[in-house]
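K.L.:
Okay, handing you the structure first.
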Amino acid sequence: MVRILLADDEAMIRAGVSAILSVDPTFEVVAEAGDGRQAVDLAISHRPDVALLDIRMPKLDGLAAAAEIRRVAPGTAVIMLTTFGEDDYIAKALDVGASGFLLKAGDPRELIAGVHAVADGAAYLSPKVAQRVITQISGGRMGRGAHARDRIEVLTDREKEVLALVGQGLSNAEIARRLFIVEGTVKAYVSAILTRLEVRNRVQAAIVAYEAGLVSQDR
């Protein structure tokens, strides 16, 4: 089972999201929070696999709650769920360590796919959000490409291969199948990549992969 914490200050939104999640029998909503501070407390007490956080919440906004959850419950992956698609929210969400970013107006299937992906150790951005990120990367790719290529030189050839697959959005299990290695080895590679590139999470690693040219722009 994938254990989920759901945080949104609107009860009807929580009910709707919970109803969508209930379609998948492998999901279990173990706790619900109406504000960011309560979300952090429930993350500590329940240790869910995934926390779905609204960005705008009282007492502690979703971005601050995400940062706190990543600090006190590092085993809990965070997905930001919001009605807002502005670039500054996306950038801040990724910066605080969120593994996913979904728009409430998106297809319910994106929510289910996103939770599965993040629970499996991958990163997930809704298609609209992913396009914004790729556009930003593409716009400055020529200027940042050389720097990114220099950064990945600290990686071994195998690590670069794994980084390219992370950039494609593959989970650890998918990377393991693609490279014919065990999942534990993939986890070790990913951990080493994050450390050597000095990035917080897979999304930031994926951005480096794009900037360095390891992932084709039309993906």
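Labels for the structure tokens follow display order: chains A, B, ..., residues from 1 in each chain, ligands from 1.
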Which residues, written as a PyMOL selection string, have at least one atom at most 7 Å from A:Ile112, with only C-alpha atoms counted and residues fewer than 4 positions away on the same chain left out?

P.N.:
chain A and resi 21+108+116

K.L.:
Determine which residues of stretch 24-91 of chain A DSSP labels as strand (DSSP E) from the backbone of this structure, then write them out as a list in words.

P.N.:
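Strand (DSSP E) assignments inside stretch 24-91 of chain A correspond to Phe27, Glu28, Val29, Val30, Ala31, Glu32, Ala33, Val50, Ala51, Leu52, Leu53, Ala77, Val78, Ile79, Met80, Leu81 and Thr82 of chain A.
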
K.L.:
Output the selection as a PDB file, in the first residue's frame - N, CA, C and O atoms for each residue.

P.N.:
```pdb
ATOM      1  N   PHE A  27      -3.763   2.553  -2.855  1.00  0.00           N
ATOM      2  CA  PHE A  27      -3.616   3.813  -2.134  1.00  0.00           C
ATOM      3  C   PHE A  27      -4.406   3.778  -0.823  1.00  0.00           C
ATOM      4  O   PHE A  27      -5.523   3.251  -0.780  1.00  0.00           O
ATOM      5  N   GLU A  28      -3.835   4.380   0.204  1.00  0.00           N
ATOM      6  CA  GLU A  28      -4.535   4.544   1.474  1.00  0.00           C
ATOM      7  C   GLU A  28      -4.256   5.940   2.028  1.00  0.00           C
ATOM      8  O   GLU A  28      -3.099   6.275   2.306  1.00  0.00           O
ATOM      9  N   VAL A  29      -5.291   6.755   2.145  1.00  0.00           N
ATOM     10  CA  VAL A  29      -5.137   8.073   2.764  1.00  0.00           C
ATOM     11  C   VAL A  29      -5.149   7.865   4.274  1.00  0.00           C
ATOM     12  O   VAL A  29      -6.181   7.542   4.865  1.00  0.00           O
ATOM     13  N   VAL A  30      -3.992   8.017   4.906  1.00  0.00           N
ATOM     14  CA  VAL A  30      -3.861   7.711   6.335  1.00  0.00           C
ATOM     15  C   VAL A  30      -4.116   8.927   7.208  1.00  0.00           C
ATOM     16  O   VAL A  30      -4.335   8.787   8.420  1.00  0.00           O
ATOM     17  N   ALA A  31      -4.080  10.142   6.622  1.00  0.00           N
ATOM     18  CA  ALA A  31      -4.308  11.343   7.426  1.00  0.00           C
ATOM     19  C   ALA A  31      -4.659  12.508   6.515  1.00  0.00           C
ATOM     20  O   ALA A  31      -4.231  12.556   5.355  1.00  0.00           O
ATOM     21  N   GLU A  32      -5.454  13.431   7.059  1.00  0.00           N
ATOM     22  CA  GLU A  32      -5.814  14.644   6.335  1.00  0.00           C
ATOM     23  C   GLU A  32      -5.554  15.847   7.219  1.00  0.00           C
ATOM     24  O   GLU A  32      -5.818  15.815   8.428  1.00  0.00           O
ATOM     25  N   ALA A  33      -5.045  16.916   6.609  1.00  0.00           N
ATOM     26  CA  ALA A  33      -4.728  18.132   7.356  1.00  0.00           C
ATOM     27  C   ALA A  33      -5.397  19.327   6.696  1.00  0.00           C
ATOM     28  O   ALA A  33      -5.545  19.377   5.474  1.00  0.00           O
ATOM     29  N   VAL A  50       3.814   9.337   0.819  1.00  0.00           N
ATOM     30  CA  VAL A  50       3.654  10.521  -0.016  1.00  0.00           C
ATOM     31  C   VAL A  50       2.781  11.544   0.708  1.00  0.00           C
ATOM     32  O   VAL A  50       1.772  11.179   1.317  1.00  0.00           O
ATOM     33  N   ALA A  51       3.176  12.808   0.643  1.00  0.00           N
ATOM     34  CA  ALA A  51       2.352  13.901   1.164  1.00  0.00           C
ATOM     35  C   ALA A  51       1.893  14.756  -0.005  1.00  0.00           C
ATOM     36  O   ALA A  51       2.720  15.255  -0.775  1.00  0.00           O
ATOM     37  N   LEU A  52       0.585  14.898  -0.156  1.00  0.00           N
ATOM     38  CA  LEU A  52      -0.005  15.765  -1.180  1.00  0.00           C
ATOM     39  C   LEU A  52      -0.356  17.081  -0.510  1.00  0.00           C
ATOM     40  O   LEU A  52      -1.237  17.125   0.355  1.00  0.00           O
ATOM     41  N   LEU A  53       0.319  18.159  -0.885  1.00  0.00           N
ATOM     42  CA  LEU A  53       0.164  19.431  -0.190  1.00  0.00           C
ATOM     43  C   LEU A  53      -0.347  20.523  -1.116  1.00  0.00           C
ATOM     44  O   LEU A  53       0.203  20.732  -2.200  1.00  0.00           O
ATOM     45  N   ALA A  77       7.886  11.473   0.513  1.00  0.00           N
ATOM     46  CA  ALA A  77       8.025  12.267  -0.708  1.00  0.00           C
ATOM     47  C   ALA A  77       6.881  13.271  -0.779  1.00  0.00           C
ATOM     48  O   ALA A  77       5.785  13.002  -0.281  1.00  0.00           O
ATOM     49  N   VAL A  78       7.127  14.420  -1.378  1.00  0.00           N
ATOM     50  CA  VAL A  78       6.140  15.496  -1.405  1.00  0.00           C
ATOM     51  C   VAL A  78       5.706  15.818  -2.834  1.00  0.00           C
ATOM     52  O   VAL A  78       6.536  15.951  -3.726  1.00  0.00           O
ATOM     53  N   ILE A  79       4.390  15.921  -3.006  1.00  0.00           N
ATOM     54  CA  ILE A  79       3.823  16.396  -4.265  1.00  0.00           C
ATOM     55  C   ILE A  79       3.028  17.658  -3.960  1.00  0.00           C
ATOM     56  O   ILE A  79       2.192  17.668  -3.062  1.00  0.00           O
ATOM     57  N   MET A  80       3.298  18.722  -4.686  1.00  0.00           N
ATOM     58  CA  MET A  80       2.526  19.947  -4.535  1.00  0.00           C
ATOM     59  C   MET A  80       1.299  19.865  -5.438  1.00  0.00           C
ATOM     60  O   MET A  80       1.423  19.562  -6.635  1.00  0.00           O
ATOM     61  N   LEU A  81       0.144  20.115  -4.867  1.00  0.00           N
ATOM     62  CA  LEU A  81      -1.119  20.054  -5.602  1.00  0.00           C
ATOM     63  C   LEU A  81      -1.774  21.419  -5.496  1.00  0.00           C
ATOM     64  O   LEU A  81      -2.131  21.862  -4.404  1.00  0.00           O
ATOM     65  N   THR A  82      -1.926  22.106  -6.626  1.00  0.00           N
ATOM     66  CA  THR A  82      -2.373  23.488  -6.561  1.00  0.00           C
ATOM     67  C   THR A  82      -3.159  23.901  -7.797  1.00  0.00           C
ATOM     68  O   THR A  82      -3.108  23.244  -8.831  1.00  0.00           O
TER      69      THR A  82
END
```

K.L.:
Nearest to A:Leu194 among A:Gln168, A:Lys160, A:Val2, A:Val182, with distances taken over only C-alpha atoms: which residue is it?

P.N.:
A:Lys160

K.L.:
As a PyMOL selection string, please: the residues near A:Leu125 (cut-off 7 Å, only C-alpha atoms, same-chain neighbours under 6 positions excluded).

P.N.:
chain A and resi 100-102

K.L.:
A:Glu174: which residues within 9 Å, counting only C-alpha atoms, same-chain residues fewer than 4 positions away excluded, as a list of chain:residue names?

P.N.:
A:Leu165, A:Leu170, A:Arg178, A:Leu179, A:Glu183

K.L.:
Work out how far atom CA of A:Leu60 is from atom CA of A:Ala19, in Å to one decimal.

P.N.:
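Straight-line distance from atom CA of A:Ala19 to atom CA of A:Leu60 works out to 25.1 Å.
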
K.L.:
If you measure from atom CA of A:Leu5 to atom CA of A:Gly36, what distance in Å do you get, rounded to one decimal?

P.N.:
11.6 Å

K.L.:
Have a look at A:Ala11, A:Leu6, A:Ile152, A:Val162 and name the one nearest to A:His46; count only C-alpha atoms.

P.N.:
A:Leu6

K.L.:
Give the answer as one residue: which of A:Gly34, A:Arg47, A:Pro25, A:Gly106 has the shortest atom-to-atom distance to A:Met12, using only C-alpha atoms?

P.N.:
A:Gly34

K.L.:
What is the atom CA of A:Ala119-atom CA of A:Ala64 distance in Å, reported with one decimal?

P.N.:
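Atom CA of A:Ala64 lies at a distance of 21.0 Å from atom CA of A:Ala119.
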
K.L.:
Hey, what's within 12 Å of A:Val199 if we count only C-alpha atoms and toss same-chain stuff fewer than 2 positions away? As a PyMOL selection string, please?

P.N.:
chain A and resi 94-97+151-152+190-197+201-209

K.L.:
When you look at A:Ile44 with a cut-off of 10 Å (counting only C-alpha atoms), what residues show up, excluding the ones that are within fewer than 6 positions of it in the same chain? I need them as a PyMOL selection string.

P.N.:
chain A and resi 38+69+72-74+76

K.L.:
Write out the residues from the selection above, keeping C-alpha atoms, as a compact mmCIF listing (two decimals), in the first residue's frame.

P.N.:
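The result, written out as out_18.txt:
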```txt
# COMPACT_ATOMS: atom_id res chain seq x y z
CA GLN A 38 -1.00 20.17 11.00
CA ILE A 69 8.42 17.62 6.04
CA VAL A 72 11.73 15.92 9.74
CA ALA A 73 10.34 13.01 7.69
CA PRO A 74 12.82 12.43 4.86
CA THR A 76 8.03 11.06 2.89
```
